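Coordinates from data.txt are shown below (compact mmCIF, C-alpha atoms).
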# COMPACT_ATOMS: atom_id res chain seq x y z
CA MET A 17 -6.14 24.22 45.77
CA SER A 18 -5.77 23.95 41.96
CA THR A 19 -8.64 25.14 39.79
CA HIS A 20 -7.31 23.28 36.73
CA ASN A 21 -10.11 21.60 34.79
CA PRO A 22 -8.96 18.41 32.98
CA GLU A 23 -11.88 18.60 30.55
CA SER A 24 -11.04 22.11 29.38
CA ALA A 25 -7.38 21.12 28.95
CA LYS A 26 -8.40 18.57 26.35
CA THR A 27 -9.62 21.33 24.03
CA GLU A 28 -6.61 23.61 24.44
CA LEU A 29 -4.55 23.95 21.26
CA LEU A 30 -1.24 22.15 21.04
CA ASP A 31 2.08 23.88 20.41
CA PRO A 32 2.49 25.21 16.85
CA GLY A 33 3.86 22.78 14.30
CA LEU A 34 2.95 19.98 11.91
CA TYR A 35 1.50 16.75 13.35
CA ILE A 36 1.52 13.66 11.09
CA VAL A 37 -1.44 11.55 12.19
CA ALA A 38 -2.12 7.95 11.09
CA THR A 39 -5.81 7.10 10.60
CA PRO A 40 -7.64 3.74 10.26
CA ILE A 41 -7.35 1.76 7.02
CA GLY A 42 -10.83 0.31 7.39
CA ASN A 43 -12.13 -0.33 10.86
CA LEU A 44 -12.72 3.05 12.50
CA GLY A 45 -11.79 1.55 15.85
CA ASP A 46 -8.17 1.32 14.76
CA ILE A 47 -7.15 4.80 15.82
CA THR A 48 -5.05 5.68 18.83
CA MET A 49 -6.21 7.77 21.77
CA ARG A 50 -3.31 10.11 21.12
CA ALA A 51 -4.40 10.60 17.49
CA LEU A 52 -7.91 11.52 18.57
CA ASP A 53 -6.54 13.95 21.13
CA VAL A 54 -4.34 15.65 18.53
CA LEU A 55 -7.12 15.87 15.93
CA ARG A 56 -9.30 17.62 18.51
CA ARG A 57 -6.57 20.07 19.56
CA VAL A 58 -5.09 21.24 16.26
CA ALA A 59 -6.34 24.34 14.47
CA VAL A 60 -6.64 22.70 11.05
CA ILE A 61 -6.55 19.17 9.61
CA ALA A 62 -4.94 18.94 6.16
CA CYS A 63 -6.49 15.96 4.37
CA GLU A 64 -6.76 14.37 0.93
CA ASP A 65 -10.56 14.34 0.82
CA THR A 66 -12.69 16.22 3.32
CA ARG A 67 -15.57 13.80 2.75
CA VAL A 68 -13.48 10.78 3.78
CA THR A 69 -11.83 12.46 6.76
CA GLY A 70 -15.19 14.00 7.67
CA LYS A 71 -16.62 10.54 8.30
CA LEU A 72 -13.85 9.77 10.78
CA LEU A 73 -14.28 13.10 12.55
CA LYS A 74 -18.04 12.65 12.74
CA ALA A 75 -17.63 9.18 14.26
CA TYR A 76 -15.64 10.69 17.13
CA ASP A 77 -17.52 14.02 17.35
CA ILE A 78 -14.48 16.08 16.34
CA LYS A 79 -15.27 19.58 15.05
CA THR A 80 -11.82 20.66 13.83
CA ARG A 81 -11.75 22.57 10.54
CA MET A 82 -10.43 20.67 7.51
CA GLN A 83 -8.28 21.92 4.64
CA ARG A 84 -7.94 19.88 1.44
CA TYR A 85 -4.34 18.95 0.65
CA ASP A 86 -3.66 16.28 -1.98
CA ASP A 87 -1.43 15.45 -4.96
CA HIS A 88 -2.93 18.35 -6.91
CA ALA A 89 -2.48 20.99 -4.21
CA SER A 90 -0.57 24.03 -5.43
CA ALA A 91 2.66 25.37 -4.00
CA GLU A 92 0.64 28.32 -2.71
CA VAL A 93 -1.60 26.02 -0.64
CA ARG A 94 1.50 24.34 0.79
CA GLU A 95 3.06 27.72 1.63
CA ARG A 96 -0.11 28.80 3.45
CA LEU A 97 -0.07 25.61 5.53
CA ILE A 98 3.61 26.16 6.35
CA GLU A 99 2.92 29.71 7.47
CA LEU A 100 -0.04 28.55 9.54
CA ALA A 101 2.12 25.86 11.19
CA ARG A 102 4.49 28.59 12.38
CA ARG A 103 1.70 30.07 14.49
CA GLU A 104 -0.70 27.20 15.15
CA PRO A 105 -0.76 23.40 15.25
CA ILE A 106 -1.94 21.64 12.09
CA ALA A 107 -2.43 17.93 11.44
CA LEU A 108 -1.70 16.05 8.23
CA VAL A 109 -3.77 12.93 7.53
CA SER A 110 -4.34 10.72 4.50
CA ASP A 111 -7.61 9.07 3.48
CA ALA A 112 -6.46 5.91 5.25
CA GLY A 113 -3.38 4.71 7.08
CA THR A 114 -0.08 6.47 7.68
CA PRO A 115 0.45 9.71 5.72
CA LEU A 116 3.32 9.80 3.21
CA VAL A 117 3.22 6.01 2.63
CA SER A 118 2.15 6.08 -1.02
CA ASP A 119 0.23 9.26 -0.20
CA PRO A 120 0.89 12.96 -0.79
CA GLY A 121 2.58 14.99 1.88
CA TYR A 122 6.33 14.57 1.75
CA ARG A 123 6.82 18.02 0.20
CA LEU A 124 4.88 19.57 3.06
CA VAL A 125 6.99 17.75 5.64
CA ARG A 126 10.21 18.53 3.80
CA GLU A 127 9.44 22.25 3.56
CA ALA A 128 8.27 22.37 7.17
CA ARG A 129 11.59 20.90 8.31
CA GLU A 130 13.53 23.31 6.08
CA ALA A 131 11.56 26.15 7.68
CA GLU A 132 12.56 24.81 11.12
CA ILE A 133 8.95 24.11 12.03
CA GLU A 134 8.44 21.37 14.61
CA VAL A 135 7.26 18.13 12.97
CA THR A 136 5.74 15.39 15.14
CA THR A 137 4.64 11.95 13.92
CA LEU A 138 2.00 9.75 15.52
CA PRO A 139 2.24 6.01 14.70
CA GLY A 140 -0.78 3.99 13.67
CA ALA A 141 -2.34 1.83 10.97
CA CYS A 142 -0.45 1.07 7.74
CA ALA A 143 -1.84 -1.27 5.08
CA ALA A 144 1.62 -2.39 3.91
CA ILE A 145 2.65 -3.54 7.39
CA SER A 146 -0.76 -5.08 8.12
CA GLY A 147 -0.58 -7.07 4.88
CA LEU A 148 2.97 -8.20 5.62
CA THR A 149 2.07 -9.51 9.07
CA LEU A 150 -0.95 -11.36 7.69
CA SER A 151 0.81 -12.94 4.69
CA GLY A 152 3.14 -15.33 6.51
CA LEU A 153 5.97 -14.30 4.18
CA PRO A 154 9.45 -13.52 5.56
CA ASN A 155 9.35 -10.13 7.28
CA ASP A 156 12.90 -9.71 8.55
CA ARG A 157 13.69 -7.74 5.38
CA PHE A 158 11.15 -6.20 3.02
CA LEU A 159 10.80 -3.49 0.40
CA PHE A 160 7.74 -1.32 -0.10
CA ALA A 161 7.55 -0.60 -3.84
CA GLY A 162 4.30 1.34 -4.09
CA PHE A 163 2.04 0.81 -7.10
CA LEU A 164 3.27 -1.06 -10.17
CA PRO A 165 3.07 1.03 -13.36
CA VAL A 166 -0.10 0.74 -15.45
CA LYS A 167 1.64 0.33 -18.82
CA GLU A 168 2.88 -3.17 -19.63
CA LYS A 169 6.46 -2.25 -20.59
CA ALA A 170 7.00 0.01 -17.58
CA ARG A 171 5.55 -2.66 -15.29
CA GLY A 172 7.90 -5.27 -16.75
CA ASP A 173 10.86 -2.93 -16.34
CA VAL A 174 10.10 -2.43 -12.66
CA LEU A 175 9.76 -6.17 -12.05
CA ALA A 176 13.04 -6.82 -13.88
CA GLU A 177 14.73 -4.18 -11.73
CA LEU A 178 13.47 -5.87 -8.56
CA ALA A 179 14.28 -9.43 -9.68
CA SER A 180 17.59 -9.58 -7.82
CA VAL A 181 16.30 -8.02 -4.60
CA SER A 182 16.29 -10.82 -2.03
CA VAL A 183 13.52 -9.54 0.23
CA THR A 184 9.74 -9.71 0.42
CA LEU A 185 8.30 -7.14 -1.97
CA ILE A 186 5.19 -5.16 -1.04
CA PHE A 187 3.00 -3.42 -3.61
CA TYR A 188 -0.28 -1.57 -3.42
CA GLU A 189 -2.83 -2.51 -6.05
CA THR A 190 -6.44 -1.92 -7.07
CA GLY A 191 -9.08 -4.51 -7.87
CA PRO A 192 -9.34 -3.77 -11.62
CA ARG A 193 -5.55 -3.99 -12.06
CA LEU A 194 -4.79 -6.98 -9.83
CA GLU A 195 -5.09 -9.76 -12.41
CA ARG A 196 -2.82 -7.98 -14.91
CA SER A 197 -0.20 -7.41 -12.24
CA LEU A 198 -0.33 -11.04 -11.13
CA ARG A 199 0.13 -12.26 -14.72
CA ALA A 200 3.09 -9.91 -15.17
CA ILE A 201 4.64 -11.29 -11.98
CA ALA A 202 3.98 -14.85 -13.21
CA GLU A 203 6.05 -14.16 -16.31
CA VAL A 204 9.06 -13.17 -14.22
CA TRP A 205 8.73 -15.24 -11.03
CA PRO A 206 6.31 -18.13 -11.76
CA THR A 207 7.11 -20.18 -8.64
CA ARG A 208 7.55 -17.49 -6.02
CA GLU A 209 4.97 -17.44 -3.27
CA VAL A 210 2.61 -14.50 -3.63
CA ALA A 211 0.01 -13.24 -1.19
CA VAL A 212 -2.97 -11.00 -1.87
CA ALA A 213 -4.28 -9.20 1.23
CA ARG A 214 -7.47 -7.23 0.70
CA GLU A 215 -10.19 -5.49 2.68
CA LEU A 216 -7.77 -5.32 5.61
CA THR A 217 -9.43 -4.74 9.01
CA LYS A 218 -12.86 -4.79 7.37
CA LEU A 219 -15.67 -7.36 7.56
CA HIS A 220 -14.52 -9.34 4.50
CA GLU A 221 -10.76 -9.29 5.19
CA GLU A 222 -8.96 -11.86 3.06
CA CYS A 223 -5.41 -13.07 2.55
CA ARG A 224 -4.91 -15.64 -0.22
CA SER A 225 -1.54 -17.22 -1.07
CA GLY A 226 -0.27 -19.20 -4.04
CA THR A 227 1.76 -18.86 -7.20
CA PRO A 228 1.07 -15.71 -9.21
CA GLY A 229 -0.49 -17.80 -11.99
CA GLU A 230 -2.87 -19.56 -9.61
CA LEU A 231 -3.92 -16.29 -8.04
CA ALA A 232 -4.43 -14.66 -11.43
CA GLU A 233 -6.78 -17.47 -12.41
CA HIS A 234 -8.69 -17.13 -9.14
CA TYR A 235 -9.17 -13.40 -9.42
CA GLU A 236 -10.09 -13.63 -13.08
CA ALA A 237 -12.98 -15.86 -12.01
CA HIS A 238 -13.68 -13.80 -8.86
CA PRO A 239 -13.00 -10.12 -9.64
CA PRO A 240 -11.82 -8.47 -6.41
CA LYS A 241 -13.05 -5.28 -4.84
CA GLY A 242 -11.44 -2.99 -2.33
CA GLU A 243 -7.90 -1.86 -1.69
CA ILE A 244 -5.22 -4.51 -2.03
CA VAL A 245 -1.74 -5.24 -0.70
CA LEU A 246 0.15 -7.52 -3.08
CA LEU A 247 3.18 -9.29 -1.62
CA VAL A 248 5.87 -11.35 -3.37
CA GLY A 249 8.16 -13.62 -1.38
CA PRO A 250 11.95 -13.43 -1.86
CA PRO A 251 13.70 -15.67 -4.43
CA GLY A 252 14.13 -18.54 -1.99
CA GLU A 253 10.48 -18.44 -0.96
CA THR A 254 8.89 -20.68 -3.61
CA LEU A 255 6.00 -23.07 -3.36
CA SER A 256 7.58 -26.52 -3.28
CA ASP A 257 4.36 -28.18 -4.42
CA ALA A 258 3.98 -25.93 -7.46
CA ASP A 259 2.65 -27.95 -10.40
CA PRO A 260 5.10 -27.79 -13.36
CA ASP A 261 2.23 -28.33 -15.81
CA GLN A 262 0.35 -25.39 -14.36
CA LEU A 263 3.47 -23.24 -14.48
CA LEU A 264 3.93 -24.17 -18.13
CA ARG A 265 0.28 -23.48 -18.93
CA ASP A 266 0.57 -20.06 -17.34
CA ALA A 267 3.77 -19.29 -19.24
CA LEU A 268 2.42 -20.55 -22.58
CA LYS A 269 -0.29 -17.90 -22.49
CA THR A 270 2.30 -15.24 -23.25
CA MET A 271 5.40 -16.96 -24.66
CA SER A 272 6.68 -19.73 -26.91
CA ALA A 273 7.17 -23.33 -25.73
CA SER A 274 10.94 -22.83 -25.73
CA LYS A 275 10.83 -19.68 -23.62
CA ALA A 276 8.24 -21.17 -21.28
CA ALA A 277 10.39 -24.25 -20.72
CA GLY A 278 13.47 -22.13 -20.05
CA MET A 279 11.69 -19.93 -17.54
CA VAL A 280 10.10 -22.81 -15.62
CA SER A 281 13.40 -24.74 -15.67
CA LYS A 282 15.24 -21.77 -14.20
CA SER A 283 12.72 -21.35 -11.38
CA THR A 284 12.20 -25.03 -10.53
CA GLY A 285 15.48 -26.75 -11.45
CA ILE A 286 13.63 -29.28 -13.65
CA ASP A 287 15.44 -30.37 -16.82
CA ARG A 288 14.72 -27.89 -19.61
CA GLN A 289 14.45 -30.49 -22.39
CA SER A 290 11.77 -32.49 -20.59
CA LEU A 291 9.88 -29.29 -19.84
CA TYR A 292 10.09 -28.26 -23.49
CA ALA A 293 8.68 -31.61 -24.61
CA ARG A 294 5.86 -31.25 -22.09
CA ALA A 295 5.19 -27.66 -23.19
CA VAL A 296 4.81 -28.82 -26.80
CA GLU A 297 2.33 -31.47 -25.64
CA LEU A 298 0.35 -28.94 -23.63
CA ARG A 299 0.24 -26.52 -26.53
CA GLY A 300 -1.18 -29.27 -28.72
CA GLU A 301 -3.96 -30.23 -26.30
Final structure tokens representation of the file:
Amino acid sequence: MSTHNPESAKTELLDPGLYIVATPIGNLGDITMRALDVLRRVAVIACEDTRVTGKLLKAYDIKTRMQRYDDHASAEVRERLIELARREPIALVSDAGTPLVSDPGYRLVREAREAEIEVTTLPGACAAISGLTLSGLPNDRFLFAGFLPVKEKARGDVLAELASVSVTLIFYETGPRLERSLRAIAEVWPTREVAVARELTKLHEECRSGTPGELAEHYEAHPPKGEIVLLVGPPGETLSDADPDQLLRDALKTMSASKAAGMVSKSTGIDRQSLYARAVELRGE
């Protein structure tokens, strides 16, 4: 008769290697049973912020030791984790969601693979994918583009580079920067459908769609909080009921009547001369 104790097996360490573990993006219930099992059975959890990861571990009564590993971690810290992974199992987590998706960690994974250390990934929550599924925008092809640059020129350069990409674009954004990013998008793609998904999986989850100009006006009046997924539909995904006057008003905030008319004409197909005449009228109001 076997004397194997299932309960004691749960606390036995896993095989040595690096385990990439996705964690919740908001609601702590959004973690897999496998992830919890791995976090309990590794020797060390490498994390961005021990305070953030500590809250998750406390919620599930996990006592595993944590080791800080973030964008500022030195090569020496990475080398120590690699050496540890040769002998013992270690987990890599981010503050929220799937590690390496706009989070530090790829160097650790790359060097682990080069060192022929076993790397195992555990699927789970990802804000980019959650935002995409909530937005209603085409999801057969999409591009995750990370954070837009802070500086105006660099942000404009990135948007110009992506202008010809015929897929749904996914960006991460912060509350204080959202309005500026929306206005920059409005200058390039005034009629494309845009979605702002924020507070995903949390109590005040929201997904609002519209033109970038409309959304910029909304969030100027209602400054957003929380982490944000900003999505831009592909070139063919425009709002058919977009108001040309509103598009012109948005454009006139940053450009001349002639340029505004040309941009709105290009995106809507409306005659440029009539739009120019209307832009002059609007500027004189």
Q: Choose the residue, out of A:Thr190, A:Val181, A:Leu100, A:Leu150, that has the smallest atom-to-atom separation from Pro165 in chain A; count only C-alpha atoms.
A: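 The shortest atom-to-atom distance to Pro165 in chain A comes from A:Thr190.
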Q.
From the options A:Arg94, A:His88, A:Arg299, A:Arg224, which residue's atoms come nearest to Val210 in chain A, counting only C-alpha atoms?
A. A:Arg224
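Distances from A:Pro154, A:Arg103, A:Pro32, A:Met82 to Thr136 in chain A were compared using only C-alpha atoms, and the smallest one belongs to A:Pro32.
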Q | Atom-to-atom span, CA of Glu130 in chain A and CA of Ala62 in chain A, Å | A | 19.0 Å
Q) For the atom pair CA of Arg126 in chain A and CA of Cys142 in chain A, what is the interatomic distance in Å to one decimal place? A) 20.8 Å
(Q) I'd like to know which of A:Lys169, A:Leu231, A:Arg193, A:Ser290 is closest to Arg208 in chain A, using only C-alpha atoms. (A) A:Leu231
Could you please give me, as a short mmCIF file (atom, residue, chain, number, x, y, z; two decimals) with C-alpha atoms, in the coordinates of the input, the residues of protein, DNA or RNA lying at most 10 Å from (-16.7, 6.4, 4.4) in the coordinate frame of the file, considering only C-alpha atoms?
data_model
loop_
_atom_site.label_atom_id
_atom_site.label_comp_id
_atom_site.auth_asym_id
_atom_site.auth_seq_id
_atom_site.Cartn_x
_atom_site.Cartn_y
_atom_site.Cartn_z
CA GLY A 42 -10.83 0.31 7.39
CA LEU A 44 -12.72 3.05 12.50
CA ARG A 67 -15.57 13.80 2.75
CA VAL A 68 -13.48 10.78 3.78
CA THR A 69 -11.83 12.46 6.76
CA GLY A 70 -15.19 14.00 7.67
CA LYS A 71 -16.62 10.54 8.30
CA LEU A 72 -13.85 9.77 10.78
CA ASP A 111 -7.61 9.07 3.48
#
Q.
With distances taken over all atoms listed in the file, which residue among A:Pro40, A:Val280, A:Cys223, A:Asp86 lies nearest Leu73 in chain A?
A.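 Of the candidates, the smallest distance to Leu73 in chain A is held by A:Pro40.
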Q: Measure the distance from CA of Leu148 in chain A to CA of Pro115 in chain A in Å and round it to one decimal.
A: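 So the answer is 18.1 Å.
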Q. Which polymer residues, protein or nucleic acid, are no farther than 12 Å from (4.2, -12.0, -2.5), counting only C-alpha atoms, as JSON, numbers by chain?
A. {"A": [144, 147, 148, 150, 151, 152, 153, 154, 155, 158, 159, 160, 161, 183, 184, 185, 186, 187, 188, 197, 198, 201, 202, 205, 206, 207, 208, 209, 210, 211, 212, 213, 223, 224, 225, 226, 227, 228, 231, 245, 246, 247, 248, 249, 250, 251, 252, 253, 254, 255]}
With C-alpha atoms kept, could you save the residues just selected as a compact mmCIF listing (two decimals), in the coordinates of the input?
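Once everything was written out, this is selection27.txt:
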# COMPACT_ATOMS: atom_id res chain seq x y z
CA ALA A 144 1.62 -2.39 3.91
CA GLY A 147 -0.58 -7.07 4.88
CA LEU A 148 2.97 -8.20 5.62
CA LEU A 150 -0.95 -11.36 7.69
CA SER A 151 0.81 -12.94 4.69
CA GLY A 152 3.14 -15.33 6.51
CA LEU A 153 5.97 -14.30 4.18
CA PRO A 154 9.45 -13.52 5.56
CA ASN A 155 9.35 -10.13 7.28
CA PHE A 158 11.15 -6.20 3.02
CA LEU A 159 10.80 -3.49 0.40
CA PHE A 160 7.74 -1.32 -0.10
CA ALA A 161 7.55 -0.60 -3.84
CA VAL A 183 13.52 -9.54 0.23
CA THR A 184 9.74 -9.71 0.42
CA LEU A 185 8.30 -7.14 -1.97
CA ILE A 186 5.19 -5.16 -1.04
CA PHE A 187 3.00 -3.42 -3.61
CA TYR A 188 -0.28 -1.57 -3.42
CA SER A 197 -0.20 -7.41 -12.24
CA LEU A 198 -0.33 -11.04 -11.13
CA ILE A 201 4.64 -11.29 -11.98
CA ALA A 202 3.98 -14.85 -13.21
CA TRP A 205 8.73 -15.24 -11.03
CA PRO A 206 6.31 -18.13 -11.76
CA THR A 207 7.11 -20.18 -8.64
CA ARG A 208 7.55 -17.49 -6.02
CA GLU A 209 4.97 -17.44 -3.27
CA VAL A 210 2.61 -14.50 -3.63
CA ALA A 211 0.01 -13.24 -1.19
CA VAL A 212 -2.97 -11.00 -1.87
CA ALA A 213 -4.28 -9.20 1.23
CA CYS A 223 -5.41 -13.07 2.55
CA ARG A 224 -4.91 -15.64 -0.22
CA SER A 225 -1.54 -17.22 -1.07
CA GLY A 226 -0.27 -19.20 -4.04
CA THR A 227 1.76 -18.86 -7.20
CA PRO A 228 1.07 -15.71 -9.21
CA LEU A 231 -3.92 -16.29 -8.04
CA VAL A 245 -1.74 -5.24 -0.70
CA LEU A 246 0.15 -7.52 -3.08
CA LEU A 247 3.18 -9.29 -1.62
CA VAL A 248 5.87 -11.35 -3.37
CA GLY A 249 8.16 -13.62 -1.38
CA PRO A 250 11.95 -13.43 -1.86
CA PRO A 251 13.70 -15.67 -4.43
CA GLY A 252 14.13 -18.54 -1.99
CA GLU A 253 10.48 -18.44 -0.96
CA THR A 254 8.89 -20.68 -3.61
CA LEU A 255 6.00 -23.07 -3.36
**Q.** For Gln262 in chain A, the nearest of the candidates A:Gly121, A:Gly229, A:Pro105, A:Gly113, counting all atoms listed in the file
**A.** A:Gly229
Q: Find the residues around Glu132 in chain A up to 10 Å (only C-alpha atoms counted), leave out those fewer than 4 positions away in its own chain, and share them as a list in words.
A: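 Residues near the query, excluding close chain neighbours: Gly33, Arg102, Arg126, Glu127 and Ala128 of chain A.
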**Q.** Selection near Val125 in chain A, 9 Å with all atoms listed in the file, sequence-local residues under 6 positions removed, as a VMD selection string
**A.** chain A and resid 34 36 135
What would range 118-128 of chain A look like with all heavy atoms in place, written as a PDB file, keeping the file's coordinate frame?
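That gives us rebuild.pdb:
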ATOM      1  N   SER A 118       2.894   6.091   0.238  1.00  0.00           N
ATOM      2  CA  SER A 118       2.150   6.080  -1.020  1.00  0.00           C
ATOM      3  C   SER A 118       0.996   7.082  -0.986  1.00  0.00           C
ATOM      4  O   SER A 118      -0.054   6.860  -1.566  1.00  0.00           O
ATOM      5  CB  SER A 118       1.606   4.685  -1.340  1.00  0.00           C
ATOM      6  OG  SER A 118       1.245   4.595  -2.708  1.00  0.00           O
ATOM      7  N   ASP A 119       1.213   8.182  -0.304  1.00  0.00           N
ATOM      8  CA  ASP A 119       0.230   9.260  -0.200  1.00  0.00           C
ATOM      9  C   ASP A 119       0.960  10.596  -0.324  1.00  0.00           C
ATOM     10  O   ASP A 119       2.157  10.684  -0.078  1.00  0.00           O
ATOM     11  CB  ASP A 119      -0.489   9.203   1.162  1.00  0.00           C
ATOM     12  CG  ASP A 119      -1.631   8.207   1.171  1.00  0.00           C
ATOM     13  OD1 ASP A 119      -2.412   8.213   0.206  1.00  0.00           O
ATOM     14  OD2 ASP A 119      -1.727   7.425   2.128  1.00  0.00           O
ATOM     15  N   PRO A 120       0.233  11.652  -0.692  1.00  0.00           N
ATOM     16  CA  PRO A 120       0.890  12.960  -0.790  1.00  0.00           C
ATOM     17  C   PRO A 120       1.307  13.450   0.591  1.00  0.00           C
ATOM     18  O   PRO A 120       0.806  12.987   1.601  1.00  0.00           O
ATOM     19  CB  PRO A 120      -0.208  13.851  -1.378  1.00  0.00           C
ATOM     20  CG  PRO A 120      -1.482  13.196  -0.971  1.00  0.00           C
ATOM     21  CD  PRO A 120      -1.198  11.723  -1.028  1.00  0.00           C
ATOM     22  N   GLY A 121       2.212  14.391   0.604  1.00  0.00           N
ATOM     23  CA  GLY A 121       2.580  14.990   1.880  1.00  0.00           C
ATOM     24  C   GLY A 121       4.052  15.203   2.115  1.00  0.00           C
ATOM     25  O   GLY A 121       4.436  16.030   2.951  1.00  0.00           O
ATOM     26  N   TYR A 122       4.910  14.466   1.399  1.00  0.00           N
ATOM     27  CA  TYR A 122       6.330  14.570   1.750  1.00  0.00           C
ATOM     28  C   TYR A 122       6.882  15.970   1.493  1.00  0.00           C
ATOM     29  O   TYR A 122       7.767  16.440   2.222  1.00  0.00           O
ATOM     30  CB  TYR A 122       7.161  13.499   1.019  1.00  0.00           C
ATOM     31  CG  TYR A 122       7.632  13.873  -0.359  1.00  0.00           C
ATOM     32  CD1 TYR A 122       8.861  14.491  -0.550  1.00  0.00           C
ATOM     33  CD2 TYR A 122       6.849  13.607  -1.482  1.00  0.00           C
ATOM     34  CE1 TYR A 122       9.309  14.837  -1.816  1.00  0.00           C
ATOM     35  CE2 TYR A 122       7.277  13.949  -2.745  1.00  0.00           C
ATOM     36  CZ  TYR A 122       8.502  14.563  -2.910  1.00  0.00           C
ATOM     37  OH  TYR A 122       8.930  14.913  -4.163  1.00  0.00           O
ATOM     38  N   ARG A 123       6.340  16.658   0.469  1.00  0.00           N
ATOM     39  CA  ARG A 123       6.820  18.020   0.200  1.00  0.00           C
ATOM     40  C   ARG A 123       6.481  18.948   1.362  1.00  0.00           C
ATOM     41  O   ARG A 123       7.274  19.817   1.732  1.00  0.00           O
ATOM     42  CB  ARG A 123       6.217  18.553  -1.099  1.00  0.00           C
ATOM     43  CG  ARG A 123       6.748  17.875  -2.358  1.00  0.00           C
ATOM     44  CD  ARG A 123       6.232  18.576  -3.603  1.00  0.00           C
ATOM     45  NE  ARG A 123       6.677  17.905  -4.826  1.00  0.00           N
ATOM     46  CZ  ARG A 123       6.032  16.909  -5.409  1.00  0.00           C
ATOM     47  NH1 ARG A 123       4.895  16.471  -4.879  1.00  0.00           N
ATOM     48  NH2 ARG A 123       6.487  16.353  -6.503  1.00  0.00           N
ATOM     49  N   LEU A 124       5.285  18.749   1.919  1.00  0.00           N
ATOM     50  CA  LEU A 124       4.880  19.570   3.060  1.00  0.00           C
ATOM     51  C   LEU A 124       5.803  19.332   4.247  1.00  0.00           C
ATOM     52  O   LEU A 124       6.258  20.284   4.902  1.00  0.00           O
ATOM     53  CB  LEU A 124       3.428  19.252   3.432  1.00  0.00           C
ATOM     54  CG  LEU A 124       2.831  20.066   4.581  1.00  0.00           C
ATOM     55  CD1 LEU A 124       2.752  21.541   4.204  1.00  0.00           C
ATOM     56  CD2 LEU A 124       1.447  19.535   4.955  1.00  0.00           C
ATOM     57  N   VAL A 125       6.097  18.083   4.528  1.00  0.00           N
ATOM     58  CA  VAL A 125       6.990  17.750   5.640  1.00  0.00           C
ATOM     59  C   VAL A 125       8.394  18.284   5.367  1.00  0.00           C
ATOM     60  O   VAL A 125       9.041  18.864   6.253  1.00  0.00           O
ATOM     61  CB  VAL A 125       7.012  16.230   5.884  1.00  0.00           C
ATOM     62  CG1 VAL A 125       8.082  15.870   6.915  1.00  0.00           C
ATOM     63  CG2 VAL A 125       5.646  15.744   6.338  1.00  0.00           C
ATOM     64  N   ARG A 126       8.859  18.086   4.143  1.00  0.00           N
ATOM     65  CA  ARG A 126      10.210  18.530   3.800  1.00  0.00           C
ATOM     66  C   ARG A 126      10.355  20.045   3.979  1.00  0.00           C
ATOM     67  O   ARG A 126      11.326  20.531   4.571  1.00  0.00           O
ATOM     68  CB  ARG A 126      10.512  18.136   2.345  1.00  0.00           C
ATOM     69  CG  ARG A 126      11.937  18.395   1.904  1.00  0.00           C
ATOM     70  CD  ARG A 126      12.116  18.010   0.443  1.00  0.00           C
ATOM     71  NE  ARG A 126      13.498  18.109   0.022  1.00  0.00           N
ATOM     72  CZ  ARG A 126      14.372  17.120   0.115  1.00  0.00           C
ATOM     73  NH1 ARG A 126      14.003  15.959   0.625  1.00  0.00           N
ATOM     74  NH2 ARG A 126      15.605  17.276  -0.310  1.00  0.00           N
ATOM     75  N   GLU A 127       9.355  20.792   3.468  1.00  0.00           N
ATOM     76  CA  GLU A 127       9.440  22.250   3.560  1.00  0.00           C
ATOM     77  C   GLU A 127       9.244  22.730   4.991  1.00  0.00           C
ATOM     78  O   GLU A 127       9.826  23.747   5.396  1.00  0.00           O
ATOM     79  CB  GLU A 127       8.413  22.877   2.613  1.00  0.00           C
ATOM     80  CG  GLU A 127       8.783  22.666   1.152  1.00  0.00           C
ATOM     81  CD  GLU A 127       7.806  23.314   0.190  1.00  0.00           C
ATOM     82  OE1 GLU A 127       7.079  24.236   0.605  1.00  0.00           O
ATOM     83  OE2 GLU A 127       7.786  22.902  -0.994  1.00  0.00           O
ATOM     84  N   ALA A 128       8.443  22.014   5.762  1.00  0.00           N
ATOM     85  CA  ALA A 128       8.270  22.370   7.170  1.00  0.00           C
ATOM     86  C   ALA A 128       9.594  22.210   7.916  1.00  0.00           C
ATOM     87  O   ALA A 128       9.985  23.071   8.721  1.00  0.00           O
ATOM     88  CB  ALA A 128       7.186  21.513   7.803  1.00  0.00           C
TER      89      ALA A 128
END
